[in-house]
>>> print(open('protein.txt').read())   # compact mmCIF, C-alpha atoms and all ligand atoms
# COMPACT_ATOMS: atom_id res chain seq x y z
CA MET A 1 10.17 8.61 17.93
CA LYS A 2 7.50 11.28 18.18
CA ILE A 3 3.83 10.65 17.94
CA SER A 4 0.45 12.30 17.72
CA ASN A 5 -0.97 15.40 16.19
CA LEU A 6 1.56 15.58 13.47
CA GLU A 7 4.82 15.90 15.28
CA THR A 8 7.03 14.25 12.71
CA GLU A 9 9.80 11.72 13.17
CA THR A 10 12.76 11.15 10.90
CA ARG A 11 11.74 9.89 7.48
CA VAL A 12 13.76 6.85 6.67
CA SER A 13 12.74 5.62 3.23
CA ASP A 14 11.85 8.95 1.71
CA ARG A 15 15.11 10.84 2.17
CA PRO A 16 16.27 12.43 -1.09
CA ASP A 17 19.72 10.80 -0.79
CA GLN A 18 18.11 7.37 -0.46
CA PHE A 19 16.01 8.12 -3.55
CA ALA A 20 19.18 9.09 -5.46
CA LEU A 21 20.96 5.91 -4.35
CA ASP A 22 18.02 3.73 -5.37
CA VAL A 23 17.82 5.49 -8.76
CA LEU A 24 21.56 4.93 -9.29
CA HIS A 25 21.19 1.27 -8.41
CA GLY A 26 17.95 0.73 -10.36
CA LEU A 27 18.97 2.47 -13.58
CA SER A 28 22.41 0.81 -13.59
CA ALA A 29 20.88 -2.65 -13.26
CA ASP A 30 19.98 -4.97 -16.10
CA PRO A 31 16.97 -5.14 -16.38
CA LYS A 32 16.32 -1.61 -15.07
CA SER A 33 13.88 -1.17 -12.21
CA LEU A 34 12.74 1.26 -9.51
CA SER A 35 10.73 0.58 -6.35
CA SER A 36 7.01 1.36 -6.54
CA LYS A 37 7.34 3.13 -3.17
CA TYR A 38 8.61 6.11 -5.17
CA PHE A 39 5.20 6.53 -6.82
CA TYR A 40 3.91 8.23 -3.70
CA ASP A 41 5.07 11.81 -3.67
CA ASP A 42 2.23 14.32 -3.18
CA TYR A 43 1.22 14.28 -6.87
CA GLY A 44 1.55 10.48 -7.10
CA SER A 45 -0.69 10.07 -4.03
CA GLU A 46 -3.24 12.38 -5.64
CA LEU A 47 -3.14 10.31 -8.84
CA PHE A 48 -3.59 7.11 -6.84
CA GLN A 49 -6.71 8.60 -5.21
CA LYS A 50 -8.03 9.31 -8.72
CA ILE A 51 -7.29 5.73 -9.83
CA THR A 52 -9.33 4.39 -6.91
CA GLY A 53 -12.35 6.33 -8.18
CA GLU A 54 -12.10 4.90 -11.71
CA LYS A 55 -14.77 2.38 -12.76
CA GLU A 56 -12.17 -0.16 -13.92
CA TYR A 57 -10.27 -0.11 -10.62
CA TYR A 58 -12.64 -2.39 -8.67
CA LEU A 59 -10.31 -3.01 -5.67
CA THR A 60 -11.30 -0.02 -3.51
CA LYS A 61 -15.02 -0.41 -4.19
CA CYS A 62 -14.95 -4.13 -3.35
CA GLU A 63 -13.05 -3.53 -0.12
CA PHE A 64 -15.48 -0.79 0.83
CA GLU A 65 -18.34 -3.27 0.39
CA ILE A 66 -16.54 -5.84 2.56
CA LEU A 67 -15.72 -3.40 5.36
CA ASP A 68 -19.24 -2.02 5.35
CA ARG A 69 -20.55 -5.50 6.08
CA LEU A 70 -17.75 -6.48 8.43
CA ALA A 71 -18.21 -3.36 10.59
CA GLY A 72 -21.22 -4.87 12.36
CA GLU A 73 -19.63 -8.28 12.86
CA LEU A 74 -16.12 -7.30 13.87
CA PRO A 75 -16.79 -6.48 17.57
CA SER A 76 -17.96 -10.04 18.28
CA LEU A 77 -14.95 -11.47 16.40
CA LEU A 78 -12.58 -9.48 18.59
CA ASP A 79 -13.65 -11.22 21.77
CA GLU A 80 -15.89 -8.26 22.68
CA ASN A 81 -12.85 -6.42 24.00
CA GLN A 82 -14.18 -3.23 25.43
CA ILE A 83 -11.01 -1.27 24.88
CA LEU A 84 -8.85 -1.62 21.82
CA ASP A 85 -5.90 0.00 20.06
CA VAL A 86 -6.45 0.11 16.30
CA ILE A 87 -3.18 0.62 14.43
CA GLU A 88 -3.37 1.21 10.71
CA PHE A 89 -0.41 0.95 8.32
CA GLY A 90 -0.70 3.38 5.39
CA ALA A 91 -4.08 4.78 6.36
CA GLY A 92 -4.76 6.89 3.23
CA ASP A 93 -7.66 9.32 3.61
CA GLY A 94 -9.37 7.14 6.26
CA HIS A 95 -12.70 6.69 4.43
CA LYS A 96 -12.63 2.89 4.53
CA THR A 97 -11.36 2.77 8.10
CA LYS A 98 -14.11 5.07 9.30
CA LEU A 99 -16.60 2.33 8.44
CA LEU A 100 -14.84 -0.14 10.72
CA LEU A 101 -14.28 2.33 13.53
CA ASP A 102 -17.95 3.33 13.48
CA GLY A 103 -18.92 -0.34 13.72
CA LEU A 104 -16.64 -0.89 16.70
CA LEU A 105 -17.81 2.28 18.43
CA LYS A 106 -21.48 1.35 17.96
CA SER A 107 -20.87 -1.81 19.98
CA GLY A 108 -19.73 0.37 22.90
CA MET A 109 -15.97 -0.09 22.49
CA LYS A 110 -13.48 2.57 23.47
CA ILE A 111 -10.78 2.97 20.83
CA ASP A 112 -7.36 4.52 20.56
CA TYR A 113 -6.72 4.82 16.83
CA TYR A 114 -3.10 5.10 15.62
CA PRO A 115 -2.88 5.70 11.85
CA VAL A 116 0.77 5.26 10.78
CA ASP A 117 1.88 6.82 7.50
CA ILE A 118 5.16 8.07 6.10
CA SER A 119 3.34 10.99 4.45
CA GLU A 120 2.36 13.96 6.57
CA LYS A 121 0.04 15.09 3.80
CA ALA A 122 -1.87 11.78 3.94
CA MET A 123 -2.18 12.20 7.71
CA LEU A 124 -3.62 15.69 7.34
CA LEU A 125 -6.17 14.33 4.86
CA LEU A 126 -7.16 11.58 7.24
CA MET A 127 -7.58 13.96 10.16
CA LYS A 128 -10.19 15.82 8.10
CA ASN A 129 -12.29 12.65 7.87
CA ILE A 130 -11.87 11.12 11.34
CA TYR A 131 -11.88 13.06 14.59
CA ASP A 132 -11.73 12.59 18.36
CA THR A 133 -14.85 11.82 20.38
CA ASP A 134 -15.29 10.61 23.98
CA TYR A 135 -14.86 7.03 22.76
CA LEU A 136 -12.35 7.52 19.95
CA LYS A 137 -8.93 9.06 20.39
CA ILE A 138 -6.80 9.64 17.29
CA ASN A 139 -3.04 9.59 17.62
CA GLY A 140 -1.44 10.15 14.21
CA VAL A 141 2.04 8.68 13.77
CA VAL A 142 4.10 10.02 10.88
CA GLY A 143 6.80 7.51 10.20
CA ASP A 144 7.81 3.95 9.55
CA TYR A 145 5.19 1.20 10.18
CA PHE A 146 7.16 -0.92 12.64
CA ALA A 147 8.62 2.03 14.53
CA GLY A 148 5.00 3.16 14.93
CA LEU A 149 3.83 -0.26 16.08
CA ARG A 150 6.68 -0.67 18.57
CA HIS A 151 5.98 2.77 19.95
CA VAL A 152 2.31 1.95 20.54
CA GLN A 153 3.30 -1.37 22.17
CA SER A 154 5.62 0.54 24.49
CA ILE A 155 2.93 2.94 25.71
CA SER A 156 -0.15 0.71 25.81
CA SER A 157 -0.83 -2.90 26.76
CA LYS A 158 -4.40 -2.94 25.40
CA PRO A 159 -5.34 -5.56 22.78
CA LYS A 160 -4.41 -4.42 19.28
CA LEU A 161 -6.05 -4.66 15.89
CA VAL A 162 -3.57 -3.93 13.08
CA LEU A 163 -5.08 -2.88 9.74
CA PHE A 164 -3.12 -3.26 6.51
CA LEU A 165 -5.83 -2.64 3.93
CA GLY A 166 -6.08 -1.95 0.21
CA SER A 167 -3.86 -4.71 -1.23
CA SER A 168 -0.65 -2.91 -0.25
CA ILE A 169 0.75 -6.33 0.66
CA GLY A 170 0.34 -7.16 -3.07
CA ASN A 171 3.03 -4.62 -3.94
CA MET A 172 5.58 -6.77 -2.11
CA GLU A 173 7.29 -9.77 -3.66
CA MET A 174 6.56 -13.04 -1.82
CA ALA A 175 9.83 -13.14 0.14
CA GLU A 176 9.37 -9.53 1.20
CA ALA A 177 5.71 -10.06 2.16
CA THR A 178 6.66 -13.11 4.24
CA ALA A 179 9.49 -11.26 6.00
CA PHE A 180 7.22 -8.27 6.63
CA LEU A 181 4.51 -10.45 8.19
CA LYS A 182 7.02 -12.35 10.32
CA VAL A 183 8.25 -9.06 11.77
CA LEU A 184 4.63 -8.03 12.33
CA LYS A 185 3.97 -11.29 14.17
CA ARG A 186 7.06 -10.81 16.36
CA ASN A 187 5.73 -7.40 17.39
CA LEU A 188 2.29 -8.65 18.44
CA LYS A 189 0.87 -10.51 21.44
CA SER A 190 -1.53 -13.46 21.50
CA CYS A 191 -4.53 -11.19 22.20
CA ASP A 192 -3.87 -9.11 19.05
CA SER A 193 -5.38 -9.44 15.56
CA VAL A 194 -4.58 -8.32 12.05
CA LEU A 195 -6.88 -7.44 9.14
CA ILE A 196 -5.15 -7.54 5.74
CA GLY A 197 -6.50 -6.75 2.26
CA PHE A 198 -5.69 -9.11 -0.63
CA ASP A 199 -6.76 -8.73 -4.24
CA GLN A 200 -7.88 -12.09 -5.59
CA LYS A 201 -6.71 -13.87 -8.73
CA LYS A 202 -9.31 -13.42 -11.43
CA SER A 203 -9.66 -13.17 -15.21
CA ALA A 204 -6.76 -11.44 -16.95
CA GLU A 205 -9.21 -9.15 -18.79
CA ILE A 206 -10.60 -7.68 -15.57
CA LEU A 207 -7.12 -7.27 -14.11
CA ASN A 208 -5.67 -5.70 -17.25
CA ARG A 209 -8.56 -3.21 -17.42
CA ALA A 210 -8.08 -2.22 -13.77
CA TYR A 211 -4.43 -1.32 -14.38
CA ASN A 212 -5.07 0.41 -17.74
CA ASP A 213 -7.96 2.75 -16.89
CA SER A 214 -9.53 4.56 -19.83
CA ALA A 215 -9.05 8.01 -18.28
CA GLY A 216 -5.29 7.38 -18.29
CA TYR A 217 -4.61 8.03 -14.60
CA THR A 218 -2.54 4.83 -14.31
CA THR A 219 -0.34 5.99 -17.20
CA GLN A 220 0.15 9.37 -15.49
CA PHE A 221 0.80 7.60 -12.17
CA ASN A 222 3.65 5.60 -13.74
CA LEU A 223 5.09 8.51 -15.72
CA ASN A 224 5.08 10.66 -12.58
CA ILE A 225 8.04 8.66 -11.31
CA LEU A 226 10.09 10.07 -14.23
CA GLU A 227 8.80 13.54 -13.47
CA ARG A 228 9.78 13.02 -9.83
CA MET A 229 13.37 12.19 -10.89
CA ASN A 230 13.36 15.33 -13.07
CA ARG A 231 12.10 17.47 -10.19
CA GLU A 232 14.04 16.04 -7.28
CA LEU A 233 17.26 14.81 -8.88
CA GLY A 234 17.62 17.15 -11.88
CA ALA A 235 17.08 14.37 -14.44
CA ASN A 236 16.03 15.13 -18.01
CA PHE A 237 13.54 12.36 -18.82
CA ASP A 238 11.33 13.25 -21.78
CA LEU A 239 8.00 11.68 -20.80
CA GLN A 240 6.85 11.52 -24.41
CA HIS A 241 9.48 8.91 -25.12
CA PHE A 242 8.26 6.38 -22.57
CA GLN A 243 5.10 4.30 -22.74
CA HIS A 244 3.23 2.70 -19.85
CA TYR A 245 2.76 -1.07 -20.20
CA GLY A 246 0.75 -2.91 -17.55
CA PHE A 247 -0.17 -6.57 -17.91
CA TYR A 248 -1.12 -9.61 -15.86
CA ASN A 249 1.50 -12.35 -15.74
CA PRO A 250 -0.30 -15.61 -14.87
CA ARG A 251 2.99 -17.37 -14.11
CA SER A 252 3.96 -14.99 -11.32
CA GLY A 253 0.34 -14.19 -10.40
CA ALA A 254 1.08 -10.48 -10.53
CA MET A 255 0.16 -7.39 -12.48
CA GLU A 256 3.40 -5.89 -13.75
CA SER A 257 3.95 -2.24 -14.63
CA HIS A 258 6.72 -1.12 -16.91
CA LEU A 259 7.67 2.05 -18.74
CA ILE A 260 9.06 1.16 -22.16
CA SER A 261 11.57 3.41 -23.86
CA GLN A 262 10.22 4.36 -27.29
CA ARG A 263 13.64 5.19 -28.73
CA ASP A 264 17.33 4.74 -28.18
CA GLN A 265 18.09 7.57 -25.75
CA MET A 266 20.41 8.88 -23.03
CA VAL A 267 19.04 10.34 -19.82
CA TYR A 268 21.21 12.53 -17.58
CA VAL A 269 20.66 12.69 -13.81
CA GLN A 270 22.36 15.80 -12.52
CA ASP A 271 22.48 14.83 -8.82
CA LEU A 272 24.24 11.58 -9.76
CA LYS A 273 26.42 13.19 -12.43
CA ARG A 274 25.62 10.14 -14.51
CA SER A 275 24.00 9.37 -17.83
CA PHE A 276 21.94 6.24 -18.41
CA HIS A 277 21.39 4.58 -21.75
CA PHE A 278 17.95 3.24 -22.72
CA GLU A 279 17.77 1.05 -25.78
CA ARG A 280 14.71 1.28 -28.02
CA PHE A 281 11.94 -0.85 -26.38
CA GLU A 282 13.95 -1.36 -23.18
CA PRO A 283 11.65 -1.69 -20.12
CA LEU A 284 11.97 0.04 -16.77
CA HIS A 285 10.11 -2.14 -14.25
CA LEU A 286 8.14 -0.18 -11.65
CA GLU A 287 5.58 -2.32 -9.87
CA TYR A 288 4.26 -5.76 -9.03
CA SER A 289 0.69 -6.15 -7.74
CA PHE A 290 0.46 -9.75 -6.62
CA LYS A 291 -2.94 -11.47 -6.70
CA TYR A 292 -3.91 -14.23 -4.27
CA LEU A 293 -6.12 -17.30 -4.03
CA PRO A 294 -7.62 -17.95 -0.58
CA SER A 295 -5.19 -20.89 -0.28
CA ASP A 296 -2.24 -18.53 -1.06
CA ILE A 297 -3.39 -16.27 1.78
CA GLU A 298 -3.67 -19.18 4.21
CA ALA A 299 -0.21 -20.45 3.29
CA LEU A 300 1.25 -16.98 3.79
CA ALA A 301 -0.46 -16.58 7.17
CA GLU A 302 0.83 -19.93 8.34
CA THR A 303 4.38 -19.28 7.15
CA ALA A 304 4.34 -15.99 9.05
CA GLY A 305 3.15 -17.77 12.21
CA PHE A 306 -0.53 -16.80 12.37
CA THR A 307 -2.89 -19.70 13.08
CA SER A 308 -6.36 -18.24 13.12
CA ILE A 309 -7.65 -17.06 9.77
CA ARG A 310 -11.04 -15.93 8.53
CA HIS A 311 -11.78 -14.46 5.09
CA PHE A 312 -14.35 -11.82 4.22
CA THR A 313 -15.16 -11.16 0.60
CA ASP A 314 -17.40 -9.00 -1.59
CA GLU A 315 -20.35 -10.21 -3.66
CA LYS A 316 -18.23 -10.84 -6.75
CA ALA A 317 -15.47 -12.48 -4.68
CA TYR A 318 -12.91 -10.13 -6.24
CA PHE A 319 -11.21 -9.07 -3.00
CA ILE A 320 -10.58 -10.52 0.46
CA ASP A 321 -10.03 -8.87 3.80
CA SER A 322 -8.52 -11.59 5.93
CA LEU A 323 -8.62 -11.52 9.74
CA TRP A 324 -5.64 -13.18 11.38
CA GLY A 325 -4.94 -14.00 14.99
CA PHE A 326 -3.32 -16.62 17.17
CA GLY A 327 -4.55 -19.87 18.66
CA THR A 328 -7.84 -21.46 17.66
CA LEU A 329 -10.13 -20.36 14.86
CA ILE A 330 -12.07 -17.20 15.62
C1 LIG B 401 -1.35 0.78 -3.68
N1 LIG B 401 -1.51 -0.45 -4.46
C2 LIG B 401 -2.24 -1.45 -3.70
C3 LIG B 401 -2.07 -0.25 -5.81
C4 LIG B 401 -2.22 -1.63 -6.54
O1 LIG B 401 -3.31 -1.91 -7.00
O2 LIG B 401 -1.23 -2.36 -6.60
C5 LIG B 401 -1.21 0.69 -6.63
C6 LIG B 401 -1.65 0.81 -8.07
N2 LIG B 401 -0.89 0.63 -9.11
C7 LIG B 401 -1.57 0.82 -10.22
N3 LIG B 401 -2.82 1.10 -9.90
C8 LIG B 401 -2.90 1.12 -8.54
>>> encode(input="protein.txt", output="structure tokens", more="lines below")
Ligand code: AVI
Amino acid sequence: MKISNLETETRVSDRPDQFALDVLHGLSADPKSLSSKYFYDDYGSELFQKITGEKEYYLTKCEFEILDRLAGELPSLLDENQILDVIEFGAGDGHKTKLLLDGLLKSGMKIDYYPVDISEKAMLLLMKNIYDTDYLKINGVVGDYFAGLRHVQSISSKPKLVLFLGSSIGNMEMAEATAFLKVLKRNLKSCDSVLIGFDQKKSAEILNRAYNDSAGYTTQFNLNILERMNRELGANFDLQHFQHYGFYNPRSGAMESHLISQRDQMVYVQDLKRSFHFERFEPLHLEYSFKYLPSDIEALAETAGFTSIRHFTDEKAYFIDSLWGFGTLI
């Protein structure tokens, strides 16, 4: 695997043939579904950035508030380690992380920062916001999260802080989130820590508004997955005949996003040489965004093998960044 300054490694999940296979599988299934990871082509990532700026989408603003406060406190929680590797999964544009890094640097720490992202474009964006100094060295890793983490473990034995911010864990179903965190745990040592963002359970009205913003970016974000199939796989989806439907399901504890076919229609996907039938009002499921109670977070941490947990929340208690480690309480 290659690392640093945008030398790219093989892209595993984003290969066009994998996309085609997943589309074949997802559109042949009953009920139909596609993985939300396919939202994030360049245009989808741009739309997501716009969503985060919308007034209804409180998640990013709440996490910003938390990290701003945590930045001053974090050094003392990390055992005052004077040198640290900070590894971030899915770093985005780096704005939120910069707050934390600045806090750590102010305390006199020396940091090697390894943002790991599958998107080279995201990495370029981040490098515009965070740059090398005498105390901060940035080593961008374009690739898979765990390949990135293992690589850093193989070249450095410094204590690690792994960041997985922004409620990305919420886009995983429980079994997947648990498996993901168990693998993370296996790849860490007892001196390492993890900071993970969780969106909290709250009133259905607030949640429904956040995933149905009035400017319509969430609708565009969902429809872009059809456009992506048109562009990359030669499909002929007519976007006018699908409607975005996002709602909170209190039984599963998740926001669900669907595109609902507005008519009985056939869609042809050239690269698959296959047509797919959509009945009138048939849903195509695209995303879960699971919401957590503090007790859900603690149960998940324990199941994954982490024993030291501390929660940080915003004034409204809408969002939690949870710091996990090993051994006794921090
Ligand atoms: C990236 N992820 C945490 C977002 C979320 O809130 O689940 C994606 C998103 N979907 C609709 N709006 C934002």
>>> atom_distance(input="protein.txt", atom1="atom CA of Gly72 of chain A", atom2="atom CA of Lys158 of chain A")
21.4 Å
>>> residues_around(input="protein.txt", residues="Gly90 of chain A", least_positions_apart="5", cutoff="10 Å", atoms="all atoms listed in the file", output="PyMOL selection string")
chain A and resi 115-119+122-123+142-145+163-166+168
>>> residues_around(input="protein.txt", residues="Ile66 of chain A", least_positions_apart="4", cutoff="7 Å", atoms="all atoms listed in the file", output="PyMOL selection string")
chain A and resi 62+70+312-314
>>> closest_atom_pairs(input="protein.txt", of="chain A", to="ligand LIG 401 (chain B)", cutoff="8 Å", atoms="only C-alpha atoms and all ligand atoms", output="JSON lines")
{"residue": "A:Phe48", "atom": "CA", "partner": "B:LIG401", "partner_atom": "C8", "distance": 6.3}
{"residue": "A:Ile51", "atom": "CA", "partner": "B:LIG401", "partner_atom": "N3", "distance": 6.4}
{"residue": "A:Thr52", "atom": "CA", "partner": "B:LIG401", "partner_atom": "C8", "distance": 7.4}
{"residue": "A:Tyr57", "atom": "CA", "partner": "B:LIG401", "partner_atom": "N3", "distance": 7.6}
{"residue": "A:Leu59", "atom": "CA", "partner": "B:LIG401", "partner_atom": "O1", "distance": 7.2}
{"residue": "A:Gly166", "atom": "CA", "partner": "B:LIG401", "partner_atom": "C2", "distance": 5.5}
{"residue": "A:Ser167", "atom": "CA", "partner": "B:LIG401", "partner_atom": "C2", "distance": 4.4}
{"residue": "A:Ser168", "atom": "CA", "partner": "B:LIG401", "partner_atom": "C2", "distance": 4.1}
{"residue": "A:Ile169", "atom": "CA", "partner": "B:LIG401", "partner_atom": "C2", "distance": 7.2}
{"residue": "A:Gly170", "atom": "CA", "partner": "B:LIG401", "partner_atom": "O2", "distance": 6.2}
{"residue": "A:Asn171", "atom": "CA", "partner": "B:LIG401", "partner_atom": "O2", "distance": 5.5}
{"residue": "A:Ala210", "atom": "CA", "partner": "B:LIG401", "partner_atom": "N3", "distance": 7.3}
{"residue": "A:Tyr211", "atom": "CA", "partner": "B:LIG401", "partner_atom": "N3", "distance": 5.3}
{"residue": "A:Thr218", "atom": "CA", "partner": "B:LIG401", "partner_atom": "N3", "distance": 5.8}
{"residue": "A:Phe221", "atom": "CA", "partner": "B:LIG401", "partner_atom": "C7", "distance": 7.4}
{"residue": "A:Asn222", "atom": "CA", "partner": "B:LIG401", "partner_atom": "C7", "distance": 7.9}
{"residue": "A:Met255", "atom": "CA", "partner": "B:LIG401", "partner_atom": "O2", "distance": 7.9}
{"residue": "A:Ser257", "atom": "CA", "partner": "B:LIG401", "partner_atom": "C7", "distance": 7.7}
{"residue": "A:Glu287", "atom": "CA", "partner": "B:LIG401", "partner_atom": "N2", "distance": 7.2}
{"residue": "A:Tyr288", "atom": "CA", "partner": "B:LIG401", "partner_atom": "O2", "distance": 6.9}
{"residue": "A:Ser289", "atom": "CA", "partner": "B:LIG401", "partner_atom": "O2", "distance": 4.4}
{"residue": "A:Phe290", "atom": "CA", "partner": "B:LIG401", "partner_atom": "O2", "distance": 7.6}
>>> closest_residue(input="protein.txt", among="A:Leu125, A:Ile297, A:Ile196, A:Ile87", to="Leu323 of chain A", atoms="all atoms listed in the file")
A:Ile196
>>> residues_around(input="protein.txt", residues="Ser33 of chain A", least_positions_apart="5", cutoff="10 Å", atoms="only C-alpha atoms", output="short mmCIF file (atom, residue, chain, number, x, y, z; two decimals) with C-alpha atoms, in the frame of the given file")
data_model
loop_
_atom_site.label_atom_id
_atom_site.label_comp_id
_atom_site.auth_asym_id
_atom_site.auth_seq_id
_atom_site.Cartn_x
_atom_site.Cartn_y
_atom_site.Cartn_z
CA ASP A 22 18.02 3.73 -5.37
CA VAL A 23 17.82 5.49 -8.76
CA HIS A 25 21.19 1.27 -8.41
CA GLY A 26 17.95 0.73 -10.36
CA LEU A 27 18.97 2.47 -13.58
CA SER A 28 22.41 0.81 -13.59
CA HIS A 258 6.72 -1.12 -16.91
CA LEU A 259 7.67 2.05 -18.74
CA PRO A 283 11.65 -1.69 -20.12
CA LEU A 284 11.97 0.04 -16.77
CA HIS A 285 10.11 -2.14 -14.25
CA LEU A 286 8.14 -0.18 -11.65
CA GLU A 287 5.58 -2.32 -9.87
#
>>> closest_residue(input="protein.txt", among="A:Asp79, A:Glu173, A:Glu120, A:Glu54", to="Asn212 of chain A", atoms="all atoms listed in the file")
A:Glu54
>>> closest_residue(input="protein.txt", among="A:Lys202, A:Phe278, A:Thr178, A:Asp321", to="Ala71 of chain A", atoms="all atoms listed in the file")
A:Asp321
>>> closest_residue(input="protein.txt", among="A:Asp296, A:Asp102, A:Glu279, A:Glu88", to="Val141 of chain A", atoms="only C-alpha atoms")
A:Glu88
>>> residues_around(input="protein.txt", residues="Asn236 of chain A", least_positions_apart="3", cutoff="12 Å", atoms="all atoms listed in the file", output="list in words")
Leu226, Glu227, Arg228, Met229, Asn230, Arg231, Glu232, Leu233, Leu239, Gln240, His241, Gln265, Met266, Val267, Tyr268, Val269, Gln270, Asp271, Lys273, Arg274, Ser275 and Phe276 of chain A
>>> write_last_selection(input="protein.txt", atoms="C-alpha atoms", output="PDB file, in the coordinates of the input")
ATOM      1  CA  LEU A 226      10.090  10.070 -14.230  1.00  0.00           C
ATOM      2  CA  GLU A 227       8.800  13.540 -13.470  1.00  0.00           C
ATOM      3  CA  ARG A 228       9.780  13.020  -9.830  1.00  0.00           C
ATOM      4  CA  MET A 229      13.370  12.190 -10.890  1.00  0.00           C
ATOM      5  CA  ASN A 230      13.360  15.330 -13.070  1.00  0.00           C
ATOM      6  CA  ARG A 231      12.100  17.470 -10.190  1.00  0.00           C
ATOM      7  CA  GLU A 232      14.040  16.040  -7.280  1.00  0.00           C
ATOM      8  CA  LEU A 233      17.260  14.810  -8.880  1.00  0.00           C
ATOM      9  CA  LEU A 239       8.000  11.680 -20.800  1.00  0.00           C
ATOM     10  CA  GLN A 240       6.850  11.520 -24.410  1.00  0.00           C
ATOM     11  CA  HIS A 241       9.480   8.910 -25.120  1.00  0.00           C
ATOM     12  CA  GLN A 265      18.090   7.570 -25.750  1.00  0.00           C
ATOM     13  CA  MET A 266      20.410   8.880 -23.030  1.00  0.00           C
ATOM     14  CA  VAL A 267      19.040  10.340 -19.820  1.00  0.00           C
ATOM     15  CA  TYR A 268      21.210  12.530 -17.580  1.00  0.00           C
ATOM     16  CA  VAL A 269      20.660  12.690 -13.810  1.00  0.00           C
ATOM     17  CA  GLN A 270      22.360  15.800 -12.520  1.00  0.00           C
ATOM     18  CA  ASP A 271      22.480  14.830  -8.820  1.00  0.00           C
ATOM     19  CA  LYS A 273      26.420  13.190 -12.430  1.00  0.00           C
ATOM     20  CA  ARG A 274      25.620  10.140 -14.510  1.00  0.00           C
ATOM     21  CA  SER A 275      24.000   9.370 -17.830  1.00  0.00           C
ATOM     22  CA  PHE A 276      21.940   6.240 -18.410  1.00  0.00           C
TER      23      PHE A 276
END
>>> residues_around(input="protein.txt", residues="Gly325 of chain A", least_positions_apart="4", cutoff="10 Å", atoms="all atoms listed in the file", output="JSON list (two decimals) with C-alpha atoms, in the coordinates of the input")
[["chain", "number", "residue", "atom", "x", "y", "z"],
["A", 78, "LEU", "CA", -12.58, -9.48, 18.59],
["A", 161, "LEU", "CA", -6.05, -4.66, 15.89],
["A", 185, "LYS", "CA", 3.97, -11.29, 14.17],
["A", 188, "LEU", "CA", 2.29, -8.65, 18.44],
["A", 189, "LYS", "CA", 0.87, -10.51, 21.44],
["A", 190, "SER", "CA", -1.53, -13.46, 21.50],
["A", 191, "CYS", "CA", -4.53, -11.19, 22.20],
["A", 192, "ASP", "CA", -3.87, -9.11, 19.05],
["A", 193, "SER", "CA", -5.38, -9.44, 15.56],
["A", 194, "VAL", "CA", -4.58, -8.32, 12.05],
["A", 195, "LEU", "CA", -6.88, -7.44, 9.14],
["A", 301, "ALA", "CA", -0.46, -16.58, 7.17],
["A", 305, "GLY", "CA", 3.15, -17.77, 12.21],
["A", 306, "PHE", "CA", -0.53, -16.80, 12.37],
["A", 307, "THR", "CA", -2.89, -19.70, 13.08],
["A", 308, "SER", "CA", -6.36, -18.24, 13.12],
["A", 309, "ILE", "CA", -7.65, -17.06, 9.77],
["A", 310, "ARG", "CA", -11.04, -15.93, 8.53],
["A", 329, "LEU", "CA", -10.13, -20.36, 14.86],
["A", 330, "ILE", "CA", -12.07, -17.20, 15.62]]
>>> build_atoms(input="protein.txt", residues="segment 184-191 of chain A", atoms="N, CA, C and O atoms", output="PDB file, in the frame of the given file")
ATOM      1  N   LEU A 184       5.897  -8.466  11.714  1.00  0.00           N
ATOM      2  CA  LEU A 184       4.630  -8.030  12.330  1.00  0.00           C
ATOM      3  C   LEU A 184       4.254  -8.985  13.458  1.00  0.00           C
ATOM      4  O   LEU A 184       3.938  -8.559  14.565  1.00  0.00           O
ATOM      5  N   LYS A 185       4.323 -10.275  13.164  1.00  0.00           N
ATOM      6  CA  LYS A 185       3.970 -11.290  14.170  1.00  0.00           C
ATOM      7  C   LYS A 185       4.832 -11.138  15.423  1.00  0.00           C
ATOM      8  O   LYS A 185       4.336 -11.217  16.556  1.00  0.00           O
ATOM      9  N   ARG A 186       6.139 -10.931  15.213  1.00  0.00           N
ATOM     10  CA  ARG A 186       7.060 -10.810  16.360  1.00  0.00           C
ATOM     11  C   ARG A 186       6.702  -9.619  17.249  1.00  0.00           C
ATOM     12  O   ARG A 186       7.023  -9.588  18.421  1.00  0.00           O
ATOM     13  N   ASN A 187       6.051  -8.607  16.637  1.00  0.00           N
ATOM     14  CA  ASN A 187       5.730  -7.400  17.390  1.00  0.00           C
ATOM     15  C   ASN A 187       4.326  -7.416  17.984  1.00  0.00           C
ATOM     16  O   ASN A 187       3.849  -6.388  18.464  1.00  0.00           O
ATOM     17  N   LEU A 188       3.658  -8.573  17.905  1.00  0.00           N
ATOM     18  CA  LEU A 188       2.290  -8.650  18.440  1.00  0.00           C
ATOM     19  C   LEU A 188       2.219  -9.633  19.596  1.00  0.00           C
ATOM     20  O   LEU A 188       3.120 -10.443  19.796  1.00  0.00           O
ATOM     21  N   LYS A 189       1.096  -9.560  20.345  1.00  0.00           N
ATOM     22  CA  LYS A 189       0.870 -10.510  21.440  1.00  0.00           C
ATOM     23  C   LYS A 189      -0.301 -11.412  21.075  1.00  0.00           C
ATOM     24  O   LYS A 189      -1.022 -11.137  20.123  1.00  0.00           O
ATOM     25  N   SER A 190      -0.505 -12.455  21.869  1.00  0.00           N
ATOM     26  CA  SER A 190      -1.530 -13.460  21.500  1.00  0.00           C
ATOM     27  C   SER A 190      -2.951 -12.897  21.520  1.00  0.00           C
ATOM     28  O   SER A 190      -3.850 -13.468  20.916  1.00  0.00           O
ATOM     29  N   CYS A 191      -3.169 -11.763  22.191  1.00  0.00           N
ATOM     30  CA  CYS A 191      -4.530 -11.190  22.200  1.00  0.00           C
ATOM     31  C   CYS A 191      -4.764 -10.261  21.012  1.00  0.00           C
ATOM     32  O   CYS A 191      -5.850  -9.708  20.851  1.00  0.00           O
TER      33      CYS A 191
END
